[in-house]
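Enquirer: Structure supplied as model_36.csv; contents: CSV, C-alpha atoms.
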chain,number,residue,atom,x,y,z
R,1,MET,CA,-18.0,0.2,13.3
R,2,VAL,CA,-14.8,1.6,12.1
R,3,GLU,CA,-13.0,-0.1,14.9
R,4,HIS,CA,-14.2,-3.6,14.0
R,5,ASP,CA,-13.6,-3.3,10.2
R,6,SER,CA,-10.2,-1.8,10.6
R,7,LEU,CA,-8.7,-4.2,13.1
R,8,PRO,CA,-7.1,-6.3,10.3
R,9,LEU,CA,-5.6,-3.2,8.7
R,10,ASP,CA,-4.2,-2.1,12.1
R,11,THR,CA,-2.5,-5.6,12.4
R,12,ILE,CA,-1.3,-5.6,8.8
R,13,PHE,CA,0.3,-2.1,8.9
R,14,HIS,CA,1.8,-2.9,12.3
R,15,ALA,CA,3.4,-6.0,10.9
R,16,LEU,CA,4.7,-4.1,7.9
R,17,GLY,CA,6.2,-1.3,10.1
R,18,ASP,CA,9.4,-3.2,10.7
R,19,ALA,CA,12.4,-3.5,8.4
R,20,THR,CA,13.2,-7.1,9.5
R,21,ARG,CA,9.6,-8.3,8.9
R,22,ARG,CA,9.5,-6.6,5.5
R,23,ALA,CA,12.8,-8.3,4.6
R,24,MET,CA,11.4,-11.7,5.7
R,25,LEU,CA,8.4,-11.1,3.4
R,26,GLY,CA,10.8,-10.4,0.6
R,27,GLU,CA,12.6,-13.7,1.3
R,28,LEU,CA,9.2,-15.6,1.4
R,29,ALA,CA,8.2,-13.9,-1.9
R,30,ALA,CA,10.9,-15.9,-3.6
R,31,ALA,CA,10.2,-19.3,-1.9
R,32,PRO,CA,9.0,-20.8,1.4
R,33,ARG,CA,11.7,-20.8,4.1
R,34,SER,CA,12.2,-22.5,7.5
R,35,VAL,CA,12.3,-20.4,10.6
R,36,GLY,CA,16.1,-21.0,10.7
R,37,GLU,CA,16.5,-19.8,7.1
R,38,LEU,CA,14.5,-16.7,7.8
R,39,ALA,CA,16.6,-15.9,10.9
R,40,GLU,CA,20.0,-16.4,9.2
R,41,PRO,CA,20.4,-13.2,7.1
R,42,PHE,CA,19.7,-11.1,10.2
R,43,ALA,CA,22.1,-12.9,12.5
R,44,MET,CA,19.4,-13.2,15.1
R,45,SER,CA,18.3,-16.0,17.4
R,46,LEU,CA,15.6,-18.4,16.5
R,47,ALA,CA,13.6,-17.0,19.3
R,48,ALA,CA,13.8,-13.4,18.0
R,49,ALA,CA,13.0,-14.5,14.5
R,50,SER,CA,10.1,-16.5,15.8
R,51,LYS,CA,8.7,-13.4,17.5
R,52,HIS,CA,8.8,-11.5,14.2
R,53,ILE,CA,7.2,-14.4,12.4
R,54,LYS,CA,4.4,-14.6,14.9
R,55,VAL,CA,3.6,-10.9,14.2
R,56,LEU,CA,3.5,-11.7,10.5
R,57,GLU,CA,1.3,-14.8,11.2
R,58,LYS,CA,-1.1,-12.7,13.3
R,59,ALA,CA,-1.5,-10.3,10.3
R,60,GLY,CA,-2.2,-13.3,8.0
R,61,LEU,CA,0.9,-12.6,6.0
R,62,VAL,CA,2.7,-15.8,6.8
R,63,ARG,CA,1.5,-19.4,7.0
R,64,ARG,CA,3.5,-21.9,9.1
R,65,GLU,CA,3.5,-25.6,8.3
R,66,VAL,CA,5.1,-28.1,10.6
R,67,ARG,CA,7.1,-30.7,8.6
R,68,GLY,CA,8.6,-33.1,11.2
R,69,ARG,CA,10.9,-30.9,13.2
R,70,THR,CA,11.0,-28.1,10.7
R,71,HIS,CA,8.6,-25.2,10.7
R,72,MET,CA,8.2,-24.1,7.1
R,73,CYS,CA,6.9,-20.5,6.4
R,74,SER,CA,5.2,-19.3,3.3
R,75,LEU,CA,3.9,-16.0,2.2
R,76,ASP,CA,0.1,-15.3,2.0
R,77,PRO,CA,-0.2,-12.1,-0.1
R,78,ALA,CA,-3.9,-11.6,0.7
R,79,PRO,CA,-3.3,-9.0,3.5
R,80,LEU,CA,-1.0,-7.1,1.2
R,81,MET,CA,-3.8,-6.8,-1.3
R,82,THR,CA,-6.0,-5.5,1.5
R,83,ALA,CA,-3.4,-2.8,2.3
R,84,ASP,CA,-3.1,-2.1,-1.4
R,85,GLN,CA,-6.8,-1.6,-1.7
R,86,TRP,CA,-6.8,0.9,1.2
R,87,LEU,CA,-3.9,2.8,-0.5
R,88,GLY,CA,-5.8,2.7,-3.8
R,89,VAL,CA,-8.2,5.4,-2.5
R,90,TYR,CA,-5.3,7.8,-2.3
R,91,ARG,CA,-3.6,6.8,-5.5
R,92,ARG,CA,-5.5,9.6,-7.4
R,93,PHE,CA,-3.3,12.1,-5.5
R,94,TRP,CA,0.0,11.1,-7.2
R,95,THR,CA,-1.4,9.7,-10.4
R,96,GLY,CA,-3.4,12.9,-10.9
R,97,ARG,CA,-0.3,15.0,-10.2
R,98,LEU,CA,1.8,13.0,-12.6
R,99,ASP,CA,-1.0,13.4,-15.2
R,100,THR,CA,-0.9,17.2,-14.7
R,101,LEU,CA,2.9,17.2,-14.9
R,102,GLU,CA,2.7,15.2,-18.2
R,103,GLN,CA,0.1,17.6,-19.6
R,104,LEU,CA,2.3,20.6,-18.7
R,105,LEU,CA,5.4,19.0,-20.3
R,106,ARG,CA,3.4,18.1,-23.5
R,107,ALA,CA,2.0,21.6,-23.6
R,108,GLU,CA,5.5,23.0,-23.5
R,109,ASP,CA,6.7,20.8,-26.3
R,110,ALA,CA,3.6,21.4,-28.5
R,111,PRO,CA,3.5,24.2,-31.0
R,112,ARG,CA,1.5,27.2,-29.7
R,113,PRO,CA,-2.2,27.1,-30.7
R,114,PRO,CA,-3.7,30.2,-32.5
R,115,ARG,CA,-5.1,32.8,-30.2
R,116,ALA,CA,-8.8,32.3,-31.3
R,117,VAL,CA,-9.4,28.6,-30.9
R,118,PHE,CA,-13.2,28.9,-30.6
R,119,ASP,CA,-14.5,31.0,-33.6
R,120,GLN,CA,-18.1,31.6,-32.6
R,121,SER,CA,-18.8,34.3,-35.3
R,122,GLY,CA,-20.1,31.8,-37.8
R,123,SER,CA,-22.6,30.0,-35.7
R,124,SER,CA,-25.1,28.3,-38.1
G,125,MET,CA,22.0,-0.5,4.9
G,126,VAL,CA,18.5,-1.9,5.0
G,127,GLU,CA,18.0,-0.2,8.4
G,128,HIS,CA,18.8,3.3,7.1
G,129,ASP,CA,16.7,3.1,4.0
G,130,SER,CA,13.7,1.5,5.6
G,131,LEU,CA,13.4,3.9,8.6
G,132,PRO,CA,10.8,6.1,6.7
G,133,LEU,CA,8.8,3.0,5.8
G,134,ASP,CA,8.8,1.9,9.4
G,135,THR,CA,7.4,5.3,10.4
G,136,ILE,CA,4.9,5.4,7.6
G,137,PHE,CA,3.5,1.9,8.2
G,138,HIS,CA,3.4,2.6,12.0
G,139,ALA,CA,1.4,5.8,11.4
G,140,LEU,CA,-1.0,3.9,9.1
G,141,GLY,CA,-1.5,1.1,11.7
G,142,ASP,CA,-4.2,2.9,13.6
G,143,ALA,CA,-7.9,3.3,12.6
G,144,THR,CA,-8.2,6.8,14.0
G,145,ARG,CA,-5.1,8.1,12.1
G,146,ARG,CA,-6.3,6.5,8.9
G,147,ALA,CA,-9.7,8.1,9.4
G,148,MET,CA,-7.9,11.5,9.9
G,149,LEU,CA,-6.1,11.0,6.6
G,150,GLY,CA,-9.5,10.3,5.0
G,151,GLU,CA,-10.8,13.6,6.3
G,152,LEU,CA,-7.7,15.5,5.1
G,153,ALA,CA,-8.0,13.9,1.7
G,154,ALA,CA,-11.2,15.9,1.3
G,155,ALA,CA,-9.9,19.2,2.6
G,156,PRO,CA,-7.5,20.7,5.1
G,157,ARG,CA,-8.8,20.7,8.7
G,158,SER,CA,-8.0,22.3,12.0
G,159,VAL,CA,-6.9,20.1,14.9
G,160,GLY,CA,-10.3,20.7,16.5
G,161,GLU,CA,-12.1,19.6,13.3
G,162,LEU,CA,-10.0,16.5,13.1
G,163,ALA,CA,-10.7,15.6,16.8
G,164,GLU,CA,-14.5,16.2,16.5
G,165,PRO,CA,-15.7,12.9,14.8
G,166,PHE,CA,-13.8,10.8,17.4
G,167,ALA,CA,-15.1,12.6,20.4
G,168,MET,CA,-11.6,12.8,21.7
G,169,SER,CA,-9.7,15.6,23.5
G,170,LEU,CA,-7.6,18.0,21.5
G,171,ALA,CA,-4.6,16.6,23.4
G,172,ALA,CA,-5.4,13.0,22.2
G,173,ALA,CA,-6.0,14.2,18.6
G,174,SER,CA,-2.8,16.2,18.7
G,175,LYS,CA,-0.9,13.1,19.7
G,176,HIS,CA,-2.2,11.2,16.7
G,177,ILE,CA,-1.5,14.2,14.4
G,178,LYS,CA,2.1,14.3,15.6
G,179,VAL,CA,2.6,10.6,14.6
G,180,LEU,CA,1.2,11.5,11.1
G,181,GLU,CA,3.5,14.5,11.0
G,182,LYS,CA,6.5,12.5,11.9
G,183,ALA,CA,5.7,10.1,9.0
G,184,GLY,CA,5.4,13.1,6.7
G,185,LEU,CA,1.7,12.4,6.0
G,186,VAL,CA,0.4,15.6,7.5
G,187,ARG,CA,1.7,19.2,7.3
G,188,ARG,CA,0.6,21.7,10.0
G,189,GLU,CA,0.4,25.4,9.4
G,190,VAL,CA,-0.2,27.9,12.1
G,191,ARG,CA,-2.8,30.5,11.2
G,192,GLY,CA,-3.2,32.9,14.1
G,193,ARG,CA,-4.5,30.6,16.9
G,194,THR,CA,-5.6,27.8,14.6
G,195,HIS,CA,-3.4,24.9,13.5
G,196,MET,CA,-4.4,23.9,10.1
G,197,CYS,CA,-3.5,20.4,8.9
G,198,SER,CA,-3.2,19.2,5.3
G,199,LEU,CA,-2.5,15.8,3.7
G,200,ASP,CA,0.9,15.2,2.1
G,201,PRO,CA,0.4,12.0,0.0
G,202,ALA,CA,4.1,11.5,-0.8
G,203,PRO,CA,4.6,8.9,2.0
G,204,LEU,CA,1.6,7.0,0.8
G,205,MET,CA,3.2,6.8,-2.6
G,206,THR,CA,6.3,5.4,-1.0
G,207,ALA,CA,4.2,2.7,0.8
G,208,ASP,CA,2.4,2.0,-2.5
G,209,GLN,CA,5.7,1.5,-4.3
G,210,TRP,CA,6.8,-1.0,-1.7
G,211,LEU,CA,3.6,-2.9,-2.1
G,212,GLY,CA,4.0,-2.7,-5.9
G,213,VAL,CA,6.7,-5.4,-5.7
G,214,TYR,CA,4.1,-7.8,-4.4
G,215,ARG,CA,1.3,-6.8,-6.7
G,216,ARG,CA,2.2,-9.6,-9.1
G,217,PHE,CA,0.9,-12.1,-6.6
G,218,TRP,CA,-2.7,-11.1,-6.8
G,219,THR,CA,-2.8,-9.6,-10.3
G,220,GLY,CA,-1.2,-12.8,-11.5
G,221,ARG,CA,-3.7,-14.9,-9.6
G,222,LEU,CA,-6.7,-12.9,-10.9
G,223,ASP,CA,-5.3,-13.2,-14.5
G,224,THR,CA,-5.1,-17.0,-14.0
G,225,LEU,CA,-8.6,-17.1,-12.6
G,226,GLU,CA,-9.9,-15.0,-15.5
G,227,GLN,CA,-8.2,-17.4,-18.0
G,228,LEU,CA,-9.7,-20.4,-16.3
G,229,LEU,CA,-13.2,-18.9,-16.4
G,230,ARG,CA,-12.8,-17.9,-20.0
G,231,ALA,CA,-11.6,-21.4,-20.9
G,232,GLU,CA,-14.7,-22.8,-19.2
G,233,ASP,CA,-17.0,-20.6,-21.2
G,234,ALA,CA,-15.2,-21.1,-24.5
G,235,PRO,CA,-16.2,-23.9,-26.9
G,236,ARG,CA,-13.8,-26.9,-26.6
G,237,PRO,CA,-11.0,-26.7,-29.1
G,238,PRO,CA,-10.4,-29.6,-31.4
G,239,ARG,CA,-7.9,-32.2,-30.1
G,240,ALA,CA,-5.2,-31.5,-32.7
G,241,VAL,CA,-4.6,-27.7,-32.4
G,242,PHE,CA,-1.2,-27.7,-33.9
G,243,ASP,CA,-1.3,-29.6,-37.2
G,244,GLN,CA,2.4,-29.9,-38.2
G,245,SER,CA,1.8,-32.4,-41.0
G,246,GLY,CA,1.5,-29.8,-43.7
G,247,SER,CA,4.5,-27.6,-43.0
G,248,SER,CA,5.5,-25.9,-46.2
Re-express the file's structure as structure tokens.
Expert:
Amino acid sequence: MVEHDSLPLDTIFHALGDATRRAMLGELAAAPRSVGELAEPFAMSLAAASKHIKVLEKAGLVRREVRGRTHMCSLDPAPLMTADQWLGVYRRFWTGRLDTLEQLLRAEDAPRPPRAVFDQSGSS
Amino acid sequence: MVEHDSLPLDTIFHALGDATRRAMLGELAAAPRSVGELAEPFAMSLAAASKHIKVLEKAGLVRREVRGRTHMCSLDPAPLMTADQWLGVYRRFWTGRLDTLEQLLRAEDAPRPPRAVFDQSGSS
């Protein structure tokens, strides 16, 4: 039940849990890159880069297209949207807190209201 | 540089990459729970639950408070906000696509505009 549905999220978050892989996604957000181009900024071997790319592919974050002898990688943002939707459930925690903070700051700036806001003596 | 800054994100995403730990966060989003209460829905030992909770604590997602013989756990949503901010950079990919889709659907519904929309003959 939970196990079946959450397998993709396991794989997505696992793929995102590595600085090199996140940096690769950052590169691919700009434009598709070959495996060699993805490996270059990290001074790592093609084999090591390929291992990271395979993790990203497994999570559906990267699509690889073979063009002759070059493997071109491109970003598929759909799994990031899945992760974003999961986080969305928790967003109320910080947006709510910021709302409260904003209200407090506004209340401090605002002129003080009169003591008797609700005058119920003249109910007609 | 990248390595130092991204260590917390590594730990956060690693903690989120497990269905049991995500379910525990879901429980804690409702109210604080003891370690025993967190273990219960998963029919797992206290030791196994404690191991998961330690991973969540390491990522800063859970705070543990000792009350007598009970360890009470509560959610700290701050690391989720950090993950949300990282994802925010990529949000343009799907919000942009949805905007485009919406525009296309609206264009299909809308009556066809006349051929010459920009009449520049009468510029005065």
Enquirer: Using all atoms listed in the file, tabulate the residues of stretch 21-116 of chain R lying at most 10 Å from any atom of stretch 143-167 of chain G, each with its closest atom pair and that distance in Å to one decimal, by chain and increasing residue number, as JSON lines.
Expert:
{"residue": "R:Trp86", "atom": "CA", "partner": "G:Arg146", "partner_atom": "CA", "distance": 9.5}
{"residue": "R:Val89", "atom": "CA", "partner": "G:Gly150", "partner_atom": "CA", "distance": 9.1}
{"residue": "R:Tyr90", "atom": "CA", "partner": "G:Ala153", "partner_atom": "CA", "distance": 7.8}
{"residue": "R:Phe93", "atom": "CA", "partner": "G:Ala153", "partner_atom": "CA", "distance": 8.8}
Enquirer: Between atom CA of G:Leu204 and atom CA of R:Leu75, what is the spacing in Å?
Expert: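 Separation between atom CA of R:Leu75 and atom CA of G:Leu204: 23.2 Å.
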Enquirer: Between atom CA of R:Trp94 and atom CA of R:Gly60, measure the distance and give it in Å to one decimal.
Expert: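 Value for the atom CA of R:Trp94-atom CA of R:Gly60 distance: 28.8 Å.
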Enquirer: Give me the residues of chain G that have any atom at most 7 Å from an atom of chain R; for each, the nearest atom pair and the distance in Å, rounded to one decimal. Use all atoms listed in the file, sort by chain and number, and format it as a Markdown table.
Expert:
| residue | atom | partner | partner_atom | distance |
| --- | --- | --- | --- | --- |
| G:Glu127 | CA | R:Ala19 | CA | 6.5 |
| G:Ser130 | CA | R:Ala19 | CA | 5.9 |
| G:Leu133 | CA | R:Gly17 | CA | 6.6 |
| G:Asp134 | CA | R:Gly17 | CA | 4.2 |
| G:Thr135 | CA | R:Gly17 | CA | 6.7 |
| G:Phe137 | CA | R:Gly17 | CA | 4.6 |
| G:His138 | CA | R:Gly17 | CA | 5.2 |
| G:Leu140 | CA | R:Phe13 | CA | 6.1 |
| G:Gly141 | CA | R:Asp10 | CA | 4.2 |
| G:Asp142 | CA | R:Asp10 | CA | 5.2 |
| G:Ala143 | CA | R:Ser6 | CA | 5.9 |
| G:Pro201 | CA | R:Phe93 | CA | 6.6 |
| G:Asp208 | CA | R:Leu87 | CA | 6.7 |
| G:Leu211 | CA | R:Asp84 | CA | 6.8 |
| G:Phe217 | CA | R:Pro77 | CA | 6.6 |
Enquirer: Would you compute the distance between atom CA of G:Ser198 and atom CA of R:Leu105? Give it in Å to one decimal.
Expert: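 These atoms are spaced 27.0 Å apart.
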